[in-house]
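K.L.:
Hey, dropping work-v2.tsv in here, TSV, C-alpha atoms and all ligand atoms:
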chain	number	residue	atom	x	y	z
A	1	MET	CA	0.00	0.00	0.00
A	2	SER	CA	0.99	3.64	-0.42
A	3	PHE	CA	-0.66	7.06	-0.69
A	4	THR	CA	-1.86	6.21	-4.19
A	5	ASP	CA	-3.95	3.36	-2.78
A	6	ILE	CA	-6.20	5.70	-0.80
A	7	PRO	CA	-9.19	6.03	-3.12
A	8	GLY	CA	-10.80	9.42	-3.67
A	9	GLN	CA	-8.47	11.50	-1.48
A	10	GLU	CA	-6.08	12.84	-4.13
A	11	ARG	CA	-6.32	16.44	-2.90
A	12	VAL	CA	-5.50	15.55	0.69
A	13	VAL	CA	-2.69	13.22	-0.33
A	14	ARG	CA	-1.19	15.92	-2.57
A	15	THR	CA	-1.25	18.43	0.30
A	16	ILE	CA	0.51	15.99	2.59
A	17	LYS	CA	3.11	14.96	0.01
A	18	ASN	CA	3.88	18.59	-0.82
A	19	ALA	CA	4.40	19.35	2.87
A	20	LEU	CA	6.62	16.28	3.23
A	21	GLU	CA	8.76	17.21	0.23
A	22	ALA	CA	9.14	20.77	1.45
A	23	GLY	CA	10.12	19.44	4.89
A	24	ARG	CA	7.27	21.42	6.37
A	25	LEU	CA	4.93	18.77	7.67
A	26	PRO	CA	3.36	20.08	10.90
A	27	HIS	CA	4.01	17.91	13.95
A	28	ALA	CA	0.43	17.97	15.21
A	29	LEU	CA	-2.19	17.04	12.63
A	30	LEU	CA	-5.95	16.67	12.79
A	31	PHE	CA	-7.39	14.36	10.12
A	32	GLN	CA	-11.09	15.09	10.02
A	33	GLY	CA	-13.91	14.03	7.71
A	34	PRO	CA	-16.71	11.47	7.33
A	35	MET	CA	-16.40	7.88	8.54
A	36	GLY	CA	-14.84	5.36	6.21
A	37	VAL	CA	-13.13	7.71	3.77
A	38	GLY	CA	-9.56	6.63	4.53
A	39	LYS	CA	-8.36	8.94	7.32
A	40	LYS	CA	-6.74	6.23	9.42
A	41	ASP	CA	-5.24	4.50	6.36
A	42	THR	CA	-3.75	7.82	5.24
A	43	ALA	CA	-2.25	8.34	8.70
A	44	ILE	CA	-0.63	4.90	8.51
A	45	GLU	CA	0.69	5.57	4.99
A	46	LEU	CA	2.11	8.86	6.23
A	47	ALA	CA	3.87	7.02	9.07
A	48	LYS	CA	5.40	4.73	6.45
A	49	ALA	CA	6.41	7.61	4.18
A	50	LEU	CA	8.17	9.30	7.11
A	51	ASN	CA	10.09	6.14	7.97
A	52	CYS	CA	10.47	4.33	4.64
A	53	ALA	CA	14.05	3.29	3.86
A	54	ALA	CA	13.64	4.34	0.22
A	55	GLN	CA	12.98	7.97	1.28
A	56	THR	CA	10.91	8.87	-1.77
A	57	GLY	CA	8.23	10.81	0.09
A	58	ASP	CA	5.88	7.84	-0.15
A	59	ALA	CA	5.77	4.31	1.23
A	60	CYS	CA	7.63	1.73	-0.86
A	61	GLY	CA	5.65	-0.97	0.89
A	62	SER	CA	8.46	-3.51	0.82
A	63	CYS	CA	11.27	-2.24	3.07
A	64	ILE	CA	11.47	-3.47	6.64
A	65	GLN	CA	10.13	-0.15	7.98
A	66	CYS	CA	7.05	-0.19	5.76
A	67	ARG	CA	6.35	-3.84	6.47
A	68	LYS	CA	6.64	-3.45	10.22
A	69	ILE	CA	4.30	-0.46	10.17
A	70	GLU	CA	1.81	-2.37	8.02
A	71	ARG	CA	1.85	-5.22	10.56
A	72	ARG	CA	1.55	-2.71	13.44
A	73	VAL	CA	4.76	-3.95	15.05
A	74	HIS	CA	7.01	-0.94	14.40
A	75	PRO	CA	8.29	0.35	17.74
A	76	ASP	CA	8.12	4.00	16.63
A	77	VAL	CA	4.62	3.99	15.17
A	78	ARG	CA	1.73	3.59	17.54
A	79	LEU	CA	-1.99	3.45	16.87
A	80	ILE	CA	-4.01	4.37	19.93
A	81	GLU	CA	-7.70	3.54	20.13
A	82	ARG	CA	-10.27	3.29	22.87
A	83	GLU	CA	-9.93	-0.08	24.61
A	84	THR	CA	-12.97	-2.21	23.80
A	85	GLU	CA	-14.25	-2.55	27.35
A	86	LYS	CA	-13.93	1.20	28.02
A	87	THR	CA	-16.21	4.02	26.92
A	88	LYS	CA	-13.42	6.58	26.49
A	89	ILE	CA	-9.74	6.76	25.57
A	90	SER	CA	-8.39	6.80	29.11
A	91	ILE	CA	-5.98	9.16	30.81
A	92	SER	CA	-3.55	6.27	31.38
A	93	GLN	CA	-3.40	5.60	27.63
A	94	ILE	CA	-2.64	9.28	27.06
A	95	ARG	CA	0.01	9.40	29.80
A	96	GLU	CA	1.71	6.42	28.19
A	97	LEU	CA	1.48	8.17	24.82
A	98	ILE	CA	3.05	11.34	26.17
A	99	ARG	CA	5.82	9.36	27.83
A	100	THR	CA	6.63	7.61	24.55
A	101	MET	CA	6.62	10.91	22.73
A	102	THR	CA	8.75	12.93	25.05
A	103	GLN	CA	11.18	10.49	26.65
A	104	PHE	CA	12.57	8.45	23.83
A	105	LYS	CA	14.25	9.00	20.49
A	106	PRO	CA	12.99	6.84	17.61
A	107	PHE	CA	14.27	3.28	18.05
A	108	GLU	CA	14.40	2.06	14.47
A	109	GLY	CA	12.89	4.65	12.19
A	110	ARG	CA	13.53	8.34	11.53
A	111	ALA	CA	10.30	9.59	13.09
A	112	LYS	CA	7.94	8.61	15.84
A	113	VAL	CA	4.34	8.69	14.68
A	114	LEU	CA	1.47	8.45	17.12
A	115	ILE	CA	-1.97	8.05	15.64
A	116	LEU	CA	-4.97	8.63	17.87
A	117	ASP	CA	-7.94	7.03	16.16
A	118	ARG	CA	-11.47	8.26	16.97
A	119	ALA	CA	-9.92	11.07	18.94
A	120	GLU	CA	-13.43	12.31	19.84
A	121	GLU	CA	-13.51	9.42	22.31
A	122	LEU	CA	-10.78	11.03	24.41
A	123	SER	CA	-11.72	11.40	28.06
A	124	GLN	CA	-11.71	14.97	29.30
A	125	GLU	CA	-8.65	14.39	31.51
A	126	GLY	CA	-6.94	12.66	28.60
A	127	GLU	CA	-7.57	15.56	26.27
A	128	ASN	CA	-6.37	18.08	28.83
A	129	ALA	CA	-3.20	16.07	29.38
A	130	LEU	CA	-2.59	16.00	25.65
A	131	LEU	CA	-2.87	19.75	25.17
A	132	LYS	CA	0.62	20.66	26.34
A	133	THR	CA	2.24	18.04	24.12
A	134	LEU	CA	0.22	19.29	21.15
A	135	GLU	CA	1.59	22.74	21.74
A	136	GLU	CA	5.21	21.71	21.48
A	137	PRO	CA	5.63	18.25	20.02
A	138	PRO	CA	9.24	16.97	20.03
A	139	ARG	CA	11.15	17.52	16.77
A	140	ASP	CA	11.23	13.92	15.56
A	141	THR	CA	7.64	13.16	16.57
A	142	TYR	CA	4.34	13.47	14.74
A	143	LEU	CA	0.96	13.25	16.43
A	144	ILE	CA	-2.06	12.58	14.22
A	145	LEU	CA	-5.56	12.93	15.66
A	146	VAL	CA	-8.16	11.16	13.53
A	147	THR	CA	-11.84	12.02	13.93
A	148	SER	CA	-15.19	12.11	12.16
A	149	GLU	CA	-16.60	14.36	14.88
A	150	PRO	CA	-14.13	17.22	15.34
A	151	ASN	CA	-16.70	19.29	17.23
A	152	ARG	CA	-16.47	16.90	20.13
A	153	LEU	CA	-12.86	17.96	20.64
A	154	LEU	CA	-11.94	21.06	22.63
A	155	PRO	CA	-11.43	24.18	20.50
A	156	THR	CA	-7.92	24.46	21.97
A	157	THR	CA	-7.10	20.93	20.84
A	158	ARG	CA	-8.30	21.73	17.34
A	159	SER	CA	-6.45	25.01	17.14
A	160	ARG	CA	-3.14	23.40	18.09
A	161	CYS	CA	-3.31	20.98	15.18
A	162	GLN	CA	-2.97	21.56	11.45
A	163	LYS	CA	-6.36	20.57	10.10
A	164	ILE	CA	-6.51	18.21	7.10
A	165	VAL	CA	-10.06	17.83	5.80
A	166	PHE	CA	-11.07	14.59	4.10
A	167	THR	CA	-14.18	14.55	1.94
A	168	ARG	CA	-16.47	11.87	0.54
A	169	ALA	CA	-15.01	10.02	-2.43
A	170	PRO	CA	-16.62	10.88	-5.80
A	171	TYR	CA	-19.31	8.45	-7.01
A	172	PRO	CA	-17.29	7.00	-9.96
A	173	ILE	CA	-14.49	5.97	-7.60
A	174	VAL	CA	-16.92	4.36	-5.16
A	175	TYR	CA	-18.74	2.63	-8.03
A	176	LYS	CA	-15.45	1.27	-9.41
A	177	LYS	CA	-14.58	-0.14	-6.00
A	178	ALA	CA	-18.11	-1.60	-5.74
A	179	LEU	CA	-17.65	-3.35	-9.08
A	180	GLU	CA	-14.45	-4.93	-7.76
A	181	LEU	CA	-16.21	-6.12	-4.60
A	182	THR	CA	-19.18	-7.59	-6.43
A	183	ALA	CA	-17.22	-9.24	-9.25
A	184	ASN	CA	-18.80	-6.84	-11.76
A	185	ASP	CA	-22.43	-7.24	-10.75
A	186	GLU	CA	-23.40	-3.85	-12.18
A	187	GLU	CA	-26.88	-3.50	-10.68
A	188	TYR	CA	-25.76	-4.49	-7.21
A	189	ALA	CA	-22.62	-2.33	-7.48
A	190	LYS	CA	-24.80	0.67	-8.32
A	191	LEU	CA	-26.95	0.10	-5.25
A	192	LEU	CA	-23.90	-0.36	-3.00
A	193	ALA	CA	-22.25	2.78	-4.33
A	194	LEU	CA	-25.43	4.80	-3.87
A	195	LEU	CA	-25.89	3.66	-0.28
A	196	ALA	CA	-22.20	4.03	0.62
A	197	ASP	CA	-22.52	7.77	-0.03
A	198	GLY	CA	-18.88	8.43	-0.77
A	199	SER	CA	-17.46	6.23	1.96
A	200	ILE	CA	-15.35	3.24	0.90
A	201	GLY	CA	-15.53	1.98	4.50
A	202	SER	CA	-19.35	1.95	4.38
A	203	LEU	CA	-19.21	0.26	1.01
A	204	GLU	CA	-17.16	-2.62	2.38
A	205	GLU	CA	-19.35	-2.81	5.47
A	206	LEU	CA	-22.58	-2.93	3.44
A	207	HIS	CA	-21.16	-5.62	1.21
A	208	LYS	CA	-20.18	-7.73	4.22
A	209	GLN	CA	-23.71	-7.42	5.62
A	210	ASN	CA	-25.23	-9.29	2.73
A	211	LEU	CA	-27.07	-6.26	1.50
A	212	LYS	CA	-28.14	-7.95	-1.71
A	213	GLU	CA	-30.51	-10.34	0.06
A	214	ARG	CA	-31.80	-7.83	2.61
A	215	TRP	CA	-32.38	-4.85	0.38
A	216	PRO	CA	-35.68	-5.85	-1.37
A	217	ALA	CA	-37.40	-6.13	2.02
A	218	MET	CA	-36.12	-2.67	2.99
A	219	GLU	CA	-37.53	-1.20	-0.20
A	220	ASP	CA	-40.88	-2.90	0.45
A	221	ALA	CA	-40.95	-1.54	3.99
A	222	ALA	CA	-39.97	1.96	2.86
A	223	GLY	CA	-42.81	1.87	0.35
A	224	GLY	CA	-45.31	0.73	3.00
A	225	ASP	CA	-45.62	-2.43	0.95
A	226	ILE	CA	-45.56	-4.97	3.82
A	227	ASP	CA	-48.35	-6.53	5.87
A	228	PRO	CA	-48.18	-6.83	9.68
A	229	VAL	CA	-47.21	-10.53	9.59
A	230	TYR	CA	-44.26	-9.78	7.29
A	231	ALA	CA	-43.44	-6.75	9.47
A	232	LEU	CA	-43.10	-8.97	12.55
A	233	LEU	CA	-41.02	-11.50	10.65
A	234	LEU	CA	-38.62	-8.77	9.51
A	235	ALA	CA	-38.48	-7.38	13.05
A	236	SER	CA	-37.45	-10.73	14.51
A	237	ARG	CA	-34.70	-11.03	11.91
A	238	GLU	CA	-33.37	-7.47	12.03
A	239	GLY	CA	-33.92	-6.87	15.74
A	240	ARG	CA	-31.88	-9.79	17.06
A	241	SER	CA	-29.23	-7.45	18.46
A	242	ARG	CA	-28.66	-3.77	19.03
A	243	GLU	CA	-26.03	-3.66	16.26
A	244	SER	CA	-28.29	-5.42	13.81
A	245	ALA	CA	-31.13	-2.99	14.61
A	246	ILE	CA	-28.85	0.02	14.11
A	247	ARG	CA	-27.69	-1.31	10.74
A	248	CYS	CA	-31.26	-2.00	9.71
A	249	LEU	CA	-32.38	1.52	10.65
A	250	LYS	CA	-29.58	2.84	8.45
A	251	LEU	CA	-30.73	0.68	5.56
A	252	LEU	CA	-34.34	1.78	6.01
A	253	ASP	CA	-33.17	5.36	6.10
A	254	ALA	CA	-31.31	4.79	2.82
A	255	ALA	CA	-34.32	3.05	1.26
A	256	LEU	CA	-36.57	5.97	2.18
A	257	ARG	CA	-34.07	8.50	0.83
A	258	LYS	CA	-33.73	6.55	-2.39
A	259	ARG	CA	-37.51	6.51	-2.71
A	260	LEU	CA	-37.60	10.24	-2.14
A	261	LEU	CA	-34.92	10.90	-4.78
A	262	GLU	CA	-36.10	8.55	-7.48
A	263	ALA	CA	-39.75	9.35	-7.25
A	264	ALA	CA	-39.63	13.06	-6.38
A	265	GLU	CA	-41.25	13.90	-9.70
A	266	ASN	CA	-43.95	11.27	-9.62
A	267	LEU	CA	-44.91	11.22	-5.98
A	268	ALA	CA	-47.94	13.16	-4.85
A	269	ALA	CA	-47.25	15.86	-2.24
A	270	TRP	CA	-48.79	13.77	0.54
A	271	GLU	CA	-46.49	10.87	-0.39
A	272	VAL	CA	-43.39	13.06	-0.17
A	273	GLU	CA	-44.60	14.23	3.21
A	274	ASP	CA	-45.19	10.63	4.19
A	275	VAL	CA	-41.61	9.66	3.38
A	276	LEU	CA	-40.27	12.65	5.27
A	277	GLU	CA	-42.42	11.68	8.25
A	278	SER	CA	-41.05	8.14	8.13
A	279	LEU	CA	-37.49	9.51	8.05
A	280	ASP	CA	-38.29	11.55	11.13
A	281	LEU	CA	-39.70	8.49	12.82
A	282	LEU	CA	-36.52	6.55	12.10
A	283	SER	CA	-34.31	9.15	13.71
A	284	THR	CA	-36.49	9.04	16.83
A	285	TYR	CA	-36.12	5.26	16.99
A	286	ARG	CA	-32.39	5.60	16.45
A	287	ARG	CA	-32.20	7.75	19.59
A	288	ASN	CA	-34.34	5.23	21.49
A	289	ILE	CA	-31.87	2.47	20.75
A	290	ASP	CA	-29.22	4.47	22.57
A	291	LEU	CA	-31.57	4.61	25.57
A	292	GLY	CA	-31.40	0.83	25.80
A	293	ILE	CA	-34.83	-0.12	24.45
A	294	ASN	CA	-35.15	-3.79	23.46
A	295	PRO	CA	-34.04	-3.91	19.80
A	296	ARG	CA	-36.60	-6.49	18.71
A	297	LEU	CA	-39.52	-4.55	20.21
A	298	LEU	CA	-38.18	-1.42	18.66
A	299	MET	CA	-37.89	-3.00	15.21
A	300	GLU	CA	-41.44	-4.35	15.55
A	301	ASN	CA	-42.61	-0.80	16.15
A	302	VAL	CA	-40.64	0.47	13.18
A	303	PHE	CA	-41.85	-2.12	10.70
A	304	LEU	CA	-45.45	-2.01	11.95
A	305	ALA	CA	-45.47	1.77	11.68
A	306	LEU	CA	-44.16	1.53	8.10
A	307	SER	CA	-46.67	-1.18	7.14
A	308	HIS	CA	-49.46	0.85	8.66
A	309	LYS	CA	-48.49	3.88	6.59
A	310	GLY	CA	-48.67	1.89	3.36
A	311	ARG	CA	-52.08	0.45	4.10
A	312	VAL	CA	-53.61	3.74	5.15
A	313	HIS	CA	-52.79	5.40	1.86
A	314	VAL	CA	-53.60	2.46	-0.40
A	315	SER	CA	-57.18	2.28	0.88
B	1	ZN	ZN	9.47	1.44	2.54
As structure tokens, what does this structure read like?
Ligand SMILES: [Zn+2]

P.N.:
Amino acid sequence: MSFTDIPGQERVVRTIKNALEAGRLPHALLFQGPMGVGKKDTAIELAKALNCAAQTGDACGSCIQCRKIERRVHPDVRLIERETEKTKISISQIRELIRTMTQFKPFEGRAKVLILDRAEELSQEGENALLKTLEEPPRDTYLILVTSEPNRLLPTTRSRCQKIVFTRAPYPIVYKKALELTANDEEYAKLLALLADGSIGSLEELHKQNLKERWPAMEDAAGGDIDPVYALLLASREGRSRESAIRCLKLLDAALRKRLLEAAENLAAWEVEDVLESLDLLSTYRRNIDLGINPRLLMENVFLALSHKGRVHVS
């Protein structure tokens, strides 16, 4: 892998490469932008480019430095994430990070690179502890904060970093990737690319979730074209866990939006309103999931509400 393998982020990659070549890469960086567009991958490629033995301003991918970074075993490149059992990136993780940054020289490479993924999950104490280091990072050290929700970081954290803004990948790039994933199933690739909305990460996720089999039911539900028995059947399938329910709500949201887009010209005003109302309903249910409501019950409510809508207007 190298910078050129990050799809749809040419502008960002060019900015970073120019800064590298000019020897003016800031030591504290904030990679921000939507989920799944390649922020973390770019941070890892940058760590390789900084340490690569070939010193071409990119990762060669084959030297020992590049390979160790790829396998996440390079002693000078660290990826810090929230520990799975915790709700925040803890102060102890940040203390350890600061110690690594300030006490040691690089062991094997030319630069220490510390990547803080989902930086918005920093605990308040952790973020406060980080501030001083962000102000004056050591000369041979780079700190990269990666986030899709920059507004959850303190303004002082943001202002101490050079902001690099990632955007959604253009549709043709996402579609091309979708074709690869689906072994050139054009219809399915189109659907995937549409739903992925510029995010290669979402594209891969949707593909893994067997979207092809599940999608027709979502379209039926979005169109109110399901009866209560079918609604309950779908609810038992999609509501088997919190995660499954969240994914299903996203798919329903996408199905409703697609319906809104495709049929905007043909739909009667009350139908447009109906779709908008359903979208509203979904966002309410999405919030309820976070309150710990039983996912199966919740999905029953969702599908029954959608089936009810269809029947009301058909009659
Ligand atoms: Zn290399």

K.L.:
Mind giving me the straight-line distance from atom CA of Leu179 of chain A to atom CA of Glu262 of chain A in Å, one decimal?

P.N.:
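Those two atoms sit 22.0 Å apart.
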
K.L.:
Go ahead and compute the interatomic distance for atom CA of Leu249 of chain A and atom CA of Arg168 of chain A, in Å to one decimal.

P.N.:
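Separation of atom CA of Leu249 of chain A and atom CA of Arg168 of chain A: 21.5 Å.
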
K.L.:
I'd like the contact shell of segment 187-191 of chain A - 10 Å cut-off, all atoms listed in the file, skipping same-chain residues fewer than 5 positions apart - returned as a ChimeraX atom specification.

P.N.:
/A:171-172,174-182,196,203,207,211-212,215,258

K.L.:
Limited to C-alpha atoms, could you put the picked residues into a file as a compact mmCIF listing (two decimals), in the coordinates of the input?

P.N.:
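Dumped to result-v8.txt:
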# COMPACT_ATOMS: atom_id res chain seq x y z
CA TYR A 171 -19.31 8.45 -7.01
CA PRO A 172 -17.29 7.00 -9.96
CA VAL A 174 -16.92 4.36 -5.16
CA TYR A 175 -18.74 2.63 -8.03
CA LYS A 176 -15.45 1.27 -9.41
CA LYS A 177 -14.58 -0.14 -6.00
CA ALA A 178 -18.11 -1.60 -5.74
CA LEU A 179 -17.65 -3.35 -9.08
CA GLU A 180 -14.45 -4.93 -7.76
CA LEU A 181 -16.21 -6.12 -4.60
CA THR A 182 -19.18 -7.59 -6.43
CA ALA A 196 -22.20 4.03 0.62
CA LEU A 203 -19.21 0.26 1.01
CA HIS A 207 -21.16 -5.62 1.21
CA LEU A 211 -27.07 -6.26 1.50
CA LYS A 212 -28.14 -7.95 -1.71
CA TRP A 215 -32.38 -4.85 0.38
CA LYS A 258 -33.73 6.55 -2.39

K.L.:
Give me, as a Markdown table, each residue of chain A that comes within 6 Å of ligand ZN 1 (chain B), together with its shortest interatomic pair and the distance in Å at one decimal, counting all atoms listed in the file, with rows ordered by chain and rising residue number.

P.N.:
| residue | atom | partner | partner_atom | distance |
| --- | --- | --- | --- | --- |
| A:Cys52 | CA | B:ZN1 | ZN | 3.7 |
| A:Ala53 | CA | B:ZN1 | ZN | 5.1 |
| A:Ala54 | CA | B:ZN1 | ZN | 5.6 |
| A:Ala59 | CA | B:ZN1 | ZN | 4.9 |
| A:Cys60 | CA | B:ZN1 | ZN | 3.9 |
| A:Gly61 | CA | B:ZN1 | ZN | 4.8 |
| A:Ser62 | CA | B:ZN1 | ZN | 5.3 |
| A:Cys63 | CA | B:ZN1 | ZN | 4.1 |
| A:Gln65 | CA | B:ZN1 | ZN | 5.7 |
| A:Cys66 | CA | B:ZN1 | ZN | 4.3 |

K.L.:
Hey, which bits of segment 143-203 of chain A sit within 12 Å of segment 14-24 of chain A, and for each residue what's the closest pair of atoms and how far apart in Å (one decimal), counting all atoms listed in the file, rows by chain and increasing number, as a tab-separated table?

P.N.:
residue	atom	partner	partner_atom	distance
A:Gln162	CA	A:Ile16	CA	11.0
A:Lys163	CA	A:Ile16	CA	11.2
A:Ile164	CA	A:Thr15	CA	8.6
A:Val165	CA	A:Thr15	CA	10.4
A:Phe166	CA	A:Thr15	CA	11.2

K.L.:
Point out the residue among A:Ala47, A:Val302, A:Leu276, A:Asp140 with the least atom-to-atom distance to Gln103 of chain A, counting all atoms listed in the file.

P.N.:
A:Asp140

K.L.:
Segment 24-41 of chain A, all listed atoms, 4 Å padding on each side: what axis-aligned box centre and edge lengths in Å to one decimal come out, as AutoDock Vina command-line options?

P.N.:
--center_x -4.7 --center_y 13.0 --center_z 9.5 --size_x 32.0 --size_y 24.9 --size_z 19.4

K.L.:
Using all atoms listed in the file, which residues sit within 8 Å of segment 230-241 of chain A once same-chain residues fewer than 2 positions away are excluded, as a ChimeraX atom specification?

P.N.:
/A:221,226-228,243-245,248,295-300,303-304,307

K.L.:
Just to confirm, what's the straight-line distance from atom CA of Thr56 of chain A to atom CA of Glu10 of chain A in Å (one decimal)?

P.N.:
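Atom CA of Glu10 of chain A lies at a distance of 17.6 Å from atom CA of Thr56 of chain A.
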
K.L.:
Which is closer to Phe104 of chain A than all the others in A:Asp58, A:Asp76, A:Glu271, A:Glu204, using all atoms listed in the file?

P.N.:
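Among the listed residues, the smallest separation from Phe104 of chain A belongs to A:Asp76.
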
K.L.:
Given only C-alpha atoms as the basis, pick out the residue of A:Leu145, A:Met1, A:Ala222, A:Val37 nearest to Asp117 of chain A.

P.N.:
A:Leu145

K.L.:
Which residues of segment 210-267 of chain A sit at most 9 Å from segment 279-291 of chain A, using all atoms listed in the file? Give each one's shortest atom pair and distance in Å (one decimal place), in chain and ascending residue order, as a tab-separated table.

P.N.:
residue	atom	partner	partner_atom	distance
A:Arg242	CA	A:Ile289	CA	7.2
A:Ala245	CA	A:Ile289	CA	8.2
A:Ile246	CA	A:Arg286	CA	7.0
A:Leu249	CA	A:Leu282	CA	6.7
A:Lys250	CA	A:Leu282	CA	8.7
A:Leu252	CA	A:Leu282	CA	8.0
A:Asp253	CA	A:Leu279	CA	6.3
A:Leu256	CA	A:Leu279	CA	6.9
A:Arg257	CA	A:Leu279	CA	8.1

K.L.:
Place a sphere of radius 10 Å on (-12.9, 13.6, 21.3) in the file coordinates and name every protein, DNA or RNA residue with an atom inside or on its surface, counting only C-alpha atoms; give the answer as a PDB file with C-alpha atoms, in the coordinates of the input.

P.N.:
ATOM      1  CA  LYS A  88     -13.420   6.580  26.490  1.00  0.00           C
ATOM      2  CA  ILE A  89      -9.740   6.760  25.570  1.00  0.00           C
ATOM      3  CA  LEU A 116      -4.970   8.630  17.870  1.00  0.00           C
ATOM      4  CA  ASP A 117      -7.940   7.030  16.160  1.00  0.00           C
ATOM      5  CA  ARG A 118     -11.470   8.260  16.970  1.00  0.00           C
ATOM      6  CA  ALA A 119      -9.920  11.070  18.940  1.00  0.00           C
ATOM      7  CA  GLU A 120     -13.430  12.310  19.840  1.00  0.00           C
ATOM      8  CA  GLU A 121     -13.510   9.420  22.310  1.00  0.00           C
ATOM      9  CA  LEU A 122     -10.780  11.030  24.410  1.00  0.00           C
ATOM     10  CA  SER A 123     -11.720  11.400  28.060  1.00  0.00           C
ATOM     11  CA  GLN A 124     -11.710  14.970  29.300  1.00  0.00           C
ATOM     12  CA  GLY A 126      -6.940  12.660  28.600  1.00  0.00           C
ATOM     13  CA  GLU A 127      -7.570  15.560  26.270  1.00  0.00           C
ATOM     14  CA  LEU A 145      -5.560  12.930  15.660  1.00  0.00           C
ATOM     15  CA  VAL A 146      -8.160  11.160  13.530  1.00  0.00           C
ATOM     16  CA  THR A 147     -11.840  12.020  13.930  1.00  0.00           C
ATOM     17  CA  SER A 148     -15.190  12.110  12.160  1.00  0.00           C
ATOM     18  CA  GLU A 149     -16.600  14.360  14.880  1.00  0.00           C
ATOM     19  CA  PRO A 150     -14.130  17.220  15.340  1.00  0.00           C
ATOM     20  CA  ASN A 151     -16.700  19.290  17.230  1.00  0.00           C
ATOM     21  CA  ARG A 152     -16.470  16.900  20.130  1.00  0.00           C
ATOM     22  CA  LEU A 153     -12.860  17.960  20.640  1.00  0.00           C
ATOM     23  CA  LEU A 154     -11.940  21.060  22.630  1.00  0.00           C
ATOM     24  CA  THR A 157      -7.100  20.930  20.840  1.00  0.00           C
TER      25      THR A 157
END

K.L.:
So, counting only C-alpha atoms, which residue among A:Asn210, A:Ser202, A:Thr141, A:Glu273 is closest to Phe107 of chain A?

P.N.:
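The closest residue to Phe107 of chain A is A:Thr141.
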